[in-house]
$ cat start38.txt   # compact mmCIF, C-alpha atoms and all ligand atoms
# COMPACT_ATOMS: atom_id res chain seq x y z
CA MET G 1 142.89 29.01 -13.31
CA ASN G 2 140.95 29.71 -10.16
CA PHE G 3 141.08 28.14 -6.71
CA LYS G 4 138.22 25.77 -7.53
CA ASP G 5 140.31 24.16 -10.27
CA LEU G 6 142.80 23.18 -7.60
CA LYS G 7 140.23 20.80 -6.12
CA LEU G 8 140.44 22.12 -2.61
CA ALA G 9 137.69 21.37 -0.09
CA ASN G 10 134.78 23.82 0.02
CA SER G 11 135.60 24.87 3.56
CA ILE G 12 139.04 25.97 2.35
CA LEU G 13 137.69 27.69 -0.74
CA LYS G 14 135.36 29.71 1.44
CA ALA G 15 138.24 30.79 3.67
CA VAL G 16 140.27 31.82 0.62
CA GLU G 17 137.34 33.84 -0.64
CA LEU G 18 137.05 35.55 2.71
CA GLU G 19 140.68 36.60 2.37
CA GLY G 20 139.79 38.24 -0.93
CA TYR G 21 142.14 36.14 -3.06
CA LYS G 22 140.83 36.11 -6.60
CA GLU G 23 143.15 33.58 -8.18
CA PRO G 24 146.06 31.42 -7.12
CA SER G 25 149.51 32.98 -7.43
CA PRO G 26 152.09 31.23 -9.68
CA ILE G 27 153.70 29.35 -6.78
CA GLN G 28 150.25 28.23 -5.61
CA LYS G 29 149.27 27.00 -9.07
CA GLU G 30 152.45 25.00 -9.31
CA ALA G 31 152.80 23.65 -5.81
CA ILE G 32 149.26 22.92 -4.63
CA PRO G 33 148.45 19.97 -6.97
CA HIS G 34 151.73 18.21 -6.11
CA ILE G 35 151.33 18.73 -2.38
CA LEU G 36 147.78 17.39 -2.60
CA ASN G 37 149.29 14.33 -4.29
CA GLY G 38 151.66 13.82 -1.39
CA LYS G 39 154.81 14.70 -3.33
CA ASP G 40 157.95 16.23 -1.83
CA ILE G 41 158.72 19.74 -3.05
CA LEU G 42 161.79 21.92 -3.42
CA ALA G 43 160.50 25.41 -4.13
CA SER G 44 162.29 28.68 -4.50
CA ALA G 45 159.88 31.36 -3.41
CA GLN G 46 160.23 34.42 -1.29
CA THR G 47 157.83 36.28 0.97
CA GLY G 48 155.21 38.11 -1.02
CA THR G 49 154.68 35.35 -3.57
CA GLY G 50 151.89 33.68 -1.61
CA LYS G 51 154.17 30.83 -0.58
CA THR G 52 152.52 30.30 2.79
CA ALA G 53 149.15 29.56 1.24
CA ALA G 54 150.96 27.42 -1.35
CA PHE G 55 151.77 24.92 1.38
CA ALA G 56 149.12 25.68 4.01
CA LEU G 57 146.06 25.20 1.78
CA PRO G 58 146.93 21.72 0.47
CA LEU G 59 148.24 20.56 3.84
CA ILE G 60 144.97 21.53 5.50
CA ASN G 61 143.15 19.78 2.67
CA ASN G 62 145.20 16.62 3.19
CA LEU G 63 144.40 16.65 6.89
CA LEU G 64 140.70 17.01 6.15
CA ASN G 65 140.90 13.99 3.85
CA GLY G 66 142.77 11.95 6.43
CA ASP G 67 140.91 9.90 8.96
CA LYS G 68 142.70 11.24 12.00
CA HIS G 69 141.29 14.34 13.61
CA ASP G 70 142.98 13.39 16.82
CA LYS G 71 144.81 16.58 17.80
CA LYS G 72 148.18 14.89 17.41
CA ILE G 73 150.84 16.81 15.51
CA LYS G 74 150.57 15.74 11.89
CA VAL G 75 151.98 18.82 10.20
CA LEU G 76 155.18 20.42 11.44
CA VAL G 77 156.41 23.72 10.02
CA LEU G 78 159.87 24.99 10.95
CA THR G 79 160.63 28.67 10.49
CA PRO G 80 163.75 30.70 11.31
CA THR G 81 162.10 33.51 13.28
CA ARG G 82 159.27 33.92 15.72
CA GLU G 83 157.70 36.64 13.56
CA LEU G 84 157.49 34.29 10.63
CA ALA G 85 156.27 31.49 12.89
CA LEU G 86 153.43 33.69 14.14
CA GLN G 87 152.59 34.80 10.63
CA VAL G 88 152.48 31.21 9.38
CA ARG G 89 150.32 30.18 12.34
CA ASP G 90 147.94 33.07 11.61
CA ASN G 91 147.71 32.01 7.99
CA PHE G 92 146.94 28.39 8.88
CA ARG G 93 144.24 29.63 11.22
CA LYS G 94 142.70 31.85 8.57
CA TYR G 95 142.70 29.17 5.91
CA GLY G 96 141.44 26.57 8.38
CA ILE G 97 138.77 28.79 9.89
CA ASN G 98 135.97 26.50 8.73
CA THR G 99 137.62 23.36 10.06
CA ASN G 100 138.19 22.13 13.58
CA LEU G 101 141.92 21.68 13.08
CA LYS G 102 144.07 23.17 15.78
CA CYS G 103 147.19 25.13 14.83
CA SER G 104 149.66 26.40 17.42
CA VAL G 105 153.04 28.03 17.52
CA ILE G 106 156.09 27.65 19.74
CA PHE G 107 159.21 29.81 19.80
CA GLY G 108 161.99 30.79 22.15
CA GLY G 109 162.54 33.95 24.16
CA VAL G 110 159.36 33.54 26.20
CA ASN G 111 158.34 31.31 29.06
CA GLN G 112 157.59 27.83 27.82
CA ARG G 113 154.75 27.14 30.23
CA SER G 114 151.81 28.26 28.11
CA GLN G 115 153.32 26.57 25.07
CA VAL G 116 153.56 23.30 26.98
CA GLU G 117 149.94 23.69 28.11
CA THR G 118 148.87 24.24 24.52
CA LEU G 119 150.74 21.14 23.41
CA LYS G 120 149.08 19.12 26.15
CA ARG G 121 145.64 20.16 24.95
CA GLY G 122 146.47 18.75 21.52
CA VAL G 123 147.53 20.27 18.22
CA ASP G 124 147.13 19.14 14.61
CA ILE G 125 149.51 21.65 13.03
CA LEU G 126 152.56 22.92 14.86
CA VAL G 127 154.63 25.87 13.70
CA ALA G 128 157.94 26.19 15.53
CA THR G 129 161.35 27.75 15.57
CA PRO G 130 164.03 25.05 15.82
CA GLY G 131 165.70 25.96 19.14
CA ARG G 132 162.58 25.92 21.33
CA LEU G 133 161.18 22.86 19.58
CA LEU G 134 164.37 20.91 20.23
CA ASP G 135 164.30 22.04 23.86
CA LEU G 136 160.78 20.77 24.31
CA MET G 137 161.60 17.55 22.48
CA ASN G 138 164.51 16.98 24.85
CA GLN G 139 162.17 17.53 27.78
CA ARG G 140 159.75 15.03 26.19
CA ARG G 141 157.02 17.62 26.13
CA VAL G 142 156.25 17.32 22.47
CA ASP G 143 155.31 14.21 20.56
CA LEU G 144 156.28 14.19 16.90
CA ARG G 145 155.67 10.49 16.22
CA ASN G 146 152.62 11.22 14.10
CA VAL G 147 154.12 13.83 11.79
CA GLN G 148 153.05 13.20 8.21
CA SER G 149 154.21 16.42 6.60
CA LEU G 150 157.21 18.60 7.35
CA VAL G 151 157.70 22.10 5.97
CA LEU G 152 161.01 23.91 6.10
CA ASP G 153 160.10 27.54 5.52
CA GLU G 154 162.81 30.01 4.51
CA ALA G 155 165.37 27.24 4.67
CA ASP G 156 168.16 29.53 3.43
CA THR G 157 167.58 31.89 6.37
CA MET G 158 167.68 28.92 8.73
CA LEU G 159 171.05 28.04 7.24
CA ASP G 160 172.28 31.63 7.53
CA MET G 161 171.16 31.83 11.14
CA GLY G 162 173.03 28.66 12.04
CA PHE G 163 169.93 26.59 12.80
CA ILE G 164 170.70 23.80 10.45
CA HIS G 165 172.13 21.43 13.09
CA ASP G 166 169.02 21.85 15.23
CA VAL G 167 166.87 21.30 12.18
CA LYS G 168 168.70 18.11 11.30
CA LYS G 169 168.41 16.84 14.88
CA ILE G 170 164.68 17.47 14.84
CA ILE G 171 164.28 15.73 11.51
CA SER G 172 166.23 12.71 12.70
CA ARG G 173 163.54 12.21 15.33
CA ILE G 174 160.41 12.44 13.21
CA PRO G 175 158.98 9.63 11.05
CA VAL G 176 160.99 8.81 7.93
CA GLU G 177 157.76 8.06 6.08
CA ARG G 178 156.55 11.59 5.54
CA GLN G 179 156.09 14.33 3.01
CA THR G 180 158.77 17.03 3.08
CA LEU G 181 158.37 20.50 1.60
CA LEU G 182 161.37 22.78 1.40
CA PHE G 183 160.77 26.45 0.67
CA SER G 184 163.71 28.77 0.24
CA ALA G 185 164.09 32.24 -1.28
CA THR G 186 167.37 31.17 -2.85
CA ILE G 187 168.76 27.73 -3.61
CA PRO G 188 172.50 27.88 -2.85
CA THR G 189 174.63 24.71 -2.89
CA GLU G 190 174.02 23.98 0.80
CA ILE G 191 170.27 23.99 0.21
CA LYS G 192 170.73 21.64 -2.73
CA HIS G 193 172.69 19.28 -0.47
CA LEU G 194 170.05 19.53 2.21
CA ALA G 195 167.32 18.84 -0.34
CA LYS G 196 169.19 15.77 -1.54
CA GLU G 197 169.46 14.52 2.00
CA LEU G 198 165.86 15.16 3.00
CA LEU G 199 163.61 15.00 -0.02
CA LYS G 200 162.39 11.90 -1.82
CA ASP G 201 162.02 12.25 -5.56
CA PRO G 202 161.04 15.91 -5.18
CA ILE G 203 159.28 18.18 -7.62
CA THR G 204 161.42 21.26 -8.12
CA ILE G 205 159.55 24.52 -8.52
CA LYS G 206 161.47 27.52 -9.64
CA LEU G 207 159.50 30.58 -10.58
CA ASN G 208 160.77 34.05 -11.26
CA ASN G 209 159.94 34.78 -7.67
CA GLU G 210 157.38 37.14 -9.02
CA SER G 211 155.92 38.92 -6.07
CA LEU G 212 152.18 39.08 -5.76
CA THR G 213 152.37 42.70 -5.09
CA VAL G 214 155.34 44.47 -3.74
CA ASP G 215 157.99 43.97 -6.41
CA LYS G 216 156.02 45.63 -9.16
CA ILE G 217 155.04 48.63 -7.13
CA ASN G 218 156.96 51.88 -6.87
CA GLN G 219 156.99 52.52 -3.18
CA SER G 220 157.96 55.72 -1.46
CA VAL G 221 157.67 57.29 1.93
CA TYR G 222 157.40 60.90 3.09
CA PHE G 223 158.37 61.69 6.66
CA VAL G 224 155.85 64.22 7.86
CA ASP G 225 154.38 65.34 11.17
CA LYS G 226 150.85 64.19 11.84
CA ILE G 227 149.58 67.75 11.85
CA ASN G 228 150.84 68.31 8.29
CA LYS G 229 149.65 65.10 6.73
CA ALA G 230 146.47 66.57 5.25
CA LYS G 231 148.36 69.48 3.71
CA LEU G 232 150.92 67.16 2.18
CA LEU G 233 148.19 64.90 0.86
CA LEU G 234 146.43 67.85 -0.76
CA GLU G 235 149.67 68.90 -2.39
CA LEU G 236 150.33 65.39 -3.68
CA LEU G 237 146.82 65.18 -5.06
CA GLU G 238 147.46 68.25 -7.18
CA CYS G 239 149.84 66.14 -9.23
CA ASN G 240 148.04 65.07 -12.39
CA THR G 241 149.71 61.73 -12.41
CA LEU G 242 147.73 60.73 -9.35
CA LYS G 243 144.70 59.73 -11.35
CA SER G 244 142.80 57.40 -9.07
CA VAL G 245 143.91 57.25 -5.50
CA LEU G 246 142.88 54.94 -2.71
CA VAL G 247 143.75 56.58 0.61
CA PHE G 248 144.01 54.36 3.66
CA VAL G 249 143.30 55.53 7.19
CA ARG G 250 143.05 53.52 10.36
CA THR G 251 139.70 54.50 11.80
CA LYS G 252 136.16 55.18 10.60
CA HIS G 253 136.18 58.54 12.32
CA GLY G 254 139.53 59.39 10.71
CA ALA G 255 138.11 58.41 7.32
CA ASP G 256 135.12 60.77 7.69
CA LYS G 257 137.32 63.59 8.93
CA LEU G 258 139.78 63.28 6.09
CA SER G 259 137.00 63.03 3.54
CA GLU G 260 135.59 66.32 4.81
CA VAL G 261 138.95 68.08 4.63
CA LEU G 262 139.39 66.89 1.06
CA GLU G 263 135.91 67.98 0.10
CA LYS G 264 136.46 71.44 1.62
CA ASN G 265 139.57 71.76 -0.47
CA GLY G 266 137.80 70.85 -3.66
CA VAL G 267 138.93 67.23 -3.95
CA LYS G 268 136.00 65.10 -5.01
CA ASN G 269 136.06 61.95 -2.96
CA GLY G 270 134.08 59.10 -1.54
CA VAL G 271 134.53 57.23 1.69
CA ILE G 272 133.97 53.63 2.69
CA HIS G 273 134.08 52.18 6.16
CA GLY G 274 132.18 49.79 8.36
CA ASN G 275 129.57 52.31 9.52
CA LYS G 276 128.50 53.19 6.00
CA SER G 277 125.46 51.45 4.62
CA GLN G 278 125.93 48.93 1.87
CA ASN G 279 124.30 51.35 -0.58
CA ALA G 280 126.57 54.20 0.42
CA ARG G 281 129.56 51.95 -0.11
CA ILE G 282 128.38 50.77 -3.48
CA SER G 283 127.79 54.29 -4.68
CA ALA G 284 131.19 55.47 -3.37
CA LEU G 285 132.85 52.64 -5.26
CA LYS G 286 130.86 53.38 -8.40
CA ASN G 287 131.84 57.05 -8.36
CA PHE G 288 135.45 56.11 -7.85
CA LYS G 289 135.55 53.47 -10.54
CA SER G 290 133.84 55.72 -13.06
CA GLY G 291 136.38 58.47 -12.41
CA ARG G 292 133.84 60.92 -10.99
CA HIS G 293 135.81 60.88 -7.78
CA LYS G 294 139.57 60.91 -7.96
CA VAL G 295 139.94 59.78 -4.35
CA LEU G 296 138.43 57.04 -2.26
CA VAL G 297 139.15 57.16 1.47
CA ALA G 298 138.94 53.75 3.12
CA THR G 299 139.62 51.76 6.23
CA ASP G 300 141.33 48.39 5.90
CA ILE G 301 138.32 46.24 6.56
CA ALA G 302 136.10 48.17 4.16
CA ALA G 303 138.66 47.95 1.37
CA ARG G 304 138.97 44.18 1.62
CA GLY G 305 138.25 42.38 -1.56
CA ILE G 306 137.56 45.47 -3.61
CA ASP G 307 139.10 45.16 -7.00
CA ILE G 308 139.80 48.29 -8.95
CA ILE G 309 142.02 47.43 -11.86
CA GLU G 310 142.98 50.92 -12.90
CA LEU G 311 144.04 52.27 -9.59
CA SER G 312 147.11 54.45 -10.08
CA HIS G 313 148.04 55.06 -6.46
CA VAL G 314 147.59 53.81 -2.95
CA ILE G 315 148.37 56.33 -0.24
CA ASN G 316 148.92 55.21 3.31
CA TYR G 317 147.73 58.35 5.04
CA GLU G 318 148.29 56.42 8.23
CA MET G 319 150.64 53.49 8.34
CA PRO G 320 148.99 50.14 8.97
CA GLU G 321 149.64 48.36 12.23
CA LYS G 322 150.95 45.22 10.60
CA ALA G 323 153.31 44.60 7.72
CA GLU G 324 150.83 42.15 6.25
CA THR G 325 148.20 44.87 6.05
CA TYR G 326 150.69 47.03 4.14
CA VAL G 327 151.06 44.29 1.54
CA HIS G 328 147.28 43.98 1.32
CA ARG G 329 146.86 47.71 0.95
CA ILE G 330 149.45 48.35 -1.70
CA GLY G 331 148.45 45.22 -3.57
CA ARG G 332 145.40 47.19 -4.71
CA THR G 333 147.59 49.03 -7.17
CA GLY G 334 149.86 47.52 -9.81
CA ARG G 335 147.32 44.92 -10.85
CA ALA G 336 146.87 43.25 -14.20
CA GLY G 337 150.47 43.89 -15.17
CA LEU G 338 150.21 47.67 -14.69
CA ASP G 339 152.79 49.60 -12.75
CA GLY G 340 151.51 50.64 -9.38
CA ASN G 341 152.50 53.34 -6.96
CA ALA G 342 152.30 53.33 -3.20
CA ILE G 343 153.04 56.39 -1.11
CA SER G 344 153.28 56.31 2.66
CA LEU G 345 152.98 59.33 4.90
CA CYS G 346 154.88 58.40 8.00
CA ASN G 347 155.16 60.34 11.24
CA VAL G 348 157.64 59.74 14.00
CA GLU G 349 155.42 57.29 15.89
CA GLU G 350 154.98 55.22 12.76
CA LYS G 351 158.65 54.78 11.95
CA LYS G 352 158.85 51.54 13.89
CA VAL G 353 156.19 49.91 11.80
CA LEU G 354 157.86 51.20 8.64
CA ARG G 355 160.99 49.35 9.63
CA GLN G 356 159.02 46.17 10.27
CA ILE G 357 157.39 46.52 6.87
CA GLU G 358 160.75 46.86 5.14
CA ILE G 359 162.08 43.80 6.89
CA SER G 360 158.98 41.84 6.07
CA ILE G 361 158.89 42.73 2.38
CA LYS G 362 162.68 42.55 2.17
CA GLN G 363 162.74 45.82 0.31
CA THR G 364 163.76 49.36 0.85
CA ILE G 365 161.10 52.00 0.52
CA ALA G 366 162.48 55.11 -1.18
CA ILE G 367 162.44 58.20 0.99
CA ILE G 368 161.24 61.42 -0.56
CA ALA G 369 163.37 63.72 1.53
CA GLU G 370 162.61 67.06 -0.06
CA HIS G 371 159.05 68.16 0.16
CA SER G 372 157.01 71.04 1.54
CA TYR G 373 156.27 69.58 4.98
CA PRO G 374 159.32 67.75 6.26
CA ALA G 375 158.88 66.24 9.69
CA GLN G 376 160.41 68.24 12.50
CA GLN G 377 161.45 65.22 14.52
CA ALA G 378 162.00 62.49 12.04
CA ILE G 379 163.70 63.82 8.99
CA THR G 380 166.02 60.85 8.72
CA THR G 381 165.09 57.24 9.01
CA ASN G 382 166.69 54.81 11.36
CA SER G 383 165.38 52.11 9.13
CA HIS G 384 167.62 49.11 9.08
CA TYR G 385 167.24 48.73 5.34
CA ASN G 386 167.57 52.37 4.43
CA ASN G 387 170.64 52.73 6.57
CA ARG G 388 172.40 49.68 5.33
CA ARG G 389 171.49 49.57 1.72
CA ASN G 390 169.97 52.83 0.69
CA LYS G 391 172.53 55.37 1.72
CA GLY G 392 172.19 58.48 -0.35
CA ARG G 393 169.17 57.15 -2.21
CA ASN G 394 166.92 59.99 -1.21
CA TYR G 395 164.71 61.44 -3.86
CA SER G 396 163.32 64.91 -4.03
CA HIS G 397 159.64 65.61 -4.43
CA LYS G 398 160.41 67.31 -7.75
CA ASN G 399 162.28 64.30 -9.07
CA TYR G 400 159.48 62.12 -7.91
CA LYS G 401 157.00 64.14 -9.94
CA ASN G 402 159.10 63.34 -13.01
CA TYR G 403 159.23 59.78 -11.89
CA TYR G 404 155.42 59.71 -11.83
CA LYS G 405 155.34 61.14 -15.30
CA ARG G 406 157.61 58.40 -16.59
CA ASN G 407 155.45 55.77 -15.01
CA VAL G 408 152.22 57.20 -16.24
CA SER G 409 153.54 57.42 -19.76
CA LYS G 410 154.34 53.74 -19.40
CA LEU G 411 150.80 53.13 -18.24
CA ALA G 412 149.40 54.91 -21.25
CA THR G 413 151.26 52.80 -23.79
P1 LIG G 501 153.38 35.19 1.59
O1 LIG G 501 154.24 35.12 0.36
O2 LIG G 501 152.88 33.85 1.99
O3 LIG G 501 154.09 35.91 2.70
O4 LIG G 501 152.07 36.02 1.23
C1 LIG G 501 152.12 37.39 0.92
C2 LIG G 501 150.76 38.05 0.97
O5 LIG G 501 149.96 37.61 -0.14
C3 LIG G 501 149.96 37.71 2.21
O6 LIG G 501 149.43 38.94 2.68
C4 LIG G 501 148.86 36.80 1.73
O7 LIG G 501 147.68 37.00 2.48
C5 LIG G 501 148.66 37.26 0.30
N1 LIG G 501 148.21 36.22 -0.64
C6 LIG G 501 148.50 34.90 -0.63
N2 LIG G 501 147.93 34.27 -1.67
C7 LIG G 501 147.25 35.21 -2.37
C8 LIG G 501 146.45 35.18 -3.56
N3 LIG G 501 146.25 34.06 -4.25
N4 LIG G 501 145.91 36.35 -3.98
C9 LIG G 501 146.13 37.51 -3.29
N5 LIG G 501 146.86 37.60 -2.16
C10 LIG G 501 147.42 36.47 -1.70
$ encode --input "start38.txt" --output "structure tokens"
Amino acid sequence: MNFKDLKLANSILKAVELEGYKEPSPIQKEAIPHILNGKDILASAQTGTGKTAAFALPLINNLLNGDKHDKKIKVLVLTPTRELALQVRDNFRKYGINTNLKCSVIFGGVNQRSQVETLKRGVDILVATPGRLLDLMNQRRVDLRNVQSLVLDEADTMLDMGFIHDVKKIISRIPVERQTLLFSATIPTEIKHLAKELLKDPITIKLNNESLTVDKINQSVYFVDKINKAKLLLELLECNTLKSVLVFVRTKHGADKLSEVLEKNGVKNGVIHGNKSQNARISALKNFKSGRHKVLVATDIAARGIDIIELSHVINYEMPEKAETYVHRIGRTGRAGLDGNAISLCNVEEKKVLRQIEISIKQTIAIIAEHSYPAQQAITTNSHYNNRRNKGRNYSHKNYKNYYKRNVSKLAT
């Protein structure tokens, strides 16, 4: 099945193509047709499954089909955290890029003035955290009388964070005649009760929560000083199990520099970034795909949409700025049911983003503590996840080499 089969408007299909999505994820295949039909949904899906697009795409489509393009709030999405709210808003904007629908976000912890101004100017899709939304409702600064569709995103987290009373108050003040979509990573009894209370004749979607990317990928991180990153990379590349490696850097200049260092050290590689001509990019990709070059150095933008099925490893030579980019990057490996491997080289300045990534993907990234170039300043992680759940789970470089071997033998069978 591809996105066209889902009967989405062309403007949405184009946006999806721009994002580089090749086919709908399982949750998208299941949920989109029902949401387009106006059904209520109870879906268990966690971050990384493509759940945001699973509700955003059909909701945008429904708005395009509706007759009201009046900048009144017709879709309301409630999320537990401001980070998620921003992420959901960004996704709506990306998927709605070819439409004139307006999507905005409101959350607490910041001055409300600009949010009120935005609301005044008119919004079709509002993403909000419950506390601030309720505040603004009480001040009569937000009008929810036209809401047609309500999404509760990460409903279990909203329960855990004690937002459920606010959520119920909000819901009691929006139209009863509406579509309600409840997304939750887990469906404990309280969520079942909530679903019974809020949803009308819902379609229940329960998938194996198969992640689009991150769950199937062996992820590891090496703490290393910036100055030693190239040396560590060269050492890693000596490992035979690293067969085809996409190396991510942040800048075009950085990509060229690294490519040169690799070349000087006998590592055949190609490089793609925005300043390279289309022909140069095509030939770099061709050499990489054919196995002539073991390594392709790339910037994020240049690597968008490239599909290399038999990629054994992604290496984050520099950590991405955003957790979402990390998911995009590592999603290049582990495709078509193959095991994938993602290695991050993280220096002290990048530890913060590593933590954000772990929170966002709800996973711990294994630390390879013993290697030839341990960071002087950052040998241990203050990562929330590693500290709480991964105590003592440090791997040595040697063990990791064996670990590669095991995985590659799996790949070969
Ligand atoms: P989510 O589960 O909504 O947090 O999405 C996780 C990541 O998957 C995001 O980076 C999305 O951009 C990406 N994504 C969503 N749908 C697809 C798809 N059909 N194919 C590839 N990536 C996708």
$ residues_near_ligand --input "start38.txt" --ligand "ligand LIG 501 (chain G)" --cutoff "8 Å" --atoms "only C-alpha atoms and all ligand atoms" --output "VMD selection string"
chain G and resid 19 to 25 28 45 to 54 88 91 211 to 213 324 to 325 327 to 328 331
$ residues_near_point --input "start38.txt" --point "(161.3, 54.5, -0.6)" --cutoff "6 Å" --atoms "all atoms listed in the file" --output "PDB file with C-alpha atoms, in the frame of the given file"
ATOM      1  CA  GLN G 219     156.990  52.520  -3.180  1.00  0.00           C
ATOM      2  CA  SER G 220     157.960  55.720  -1.460  1.00  0.00           C
ATOM      3  CA  VAL G 221     157.670  57.290   1.930  1.00  0.00           C
ATOM      4  CA  THR G 364     163.760  49.360   0.850  1.00  0.00           C
ATOM      5  CA  ILE G 365     161.100  52.000   0.520  1.00  0.00           C
ATOM      6  CA  ALA G 366     162.480  55.110  -1.180  1.00  0.00           C
ATOM      7  CA  ILE G 367     162.440  58.200   0.990  1.00  0.00           C
TER       8      ILE G 367
END
$ closest_residue --input "start38.txt" --among "G:Val261, G:Ala280, G:Ile12, G:Ala375" --to "G:Ala56" --atoms "all atoms listed in the file"
G:Ile12
$ closest_residue --input "start38.txt" --among "G:Ala15, G:Leu199, G:Leu207, G:Leu86" --to "G:Leu182" --atoms "all atoms listed in the file"
G:Leu199
$ closest_residue --input "start38.txt" --among "G:Gln376, G:Asn347, G:Asn275, G:Gln356" --to "G:Ala323" --atoms "all atoms listed in the file"
G:Gln356
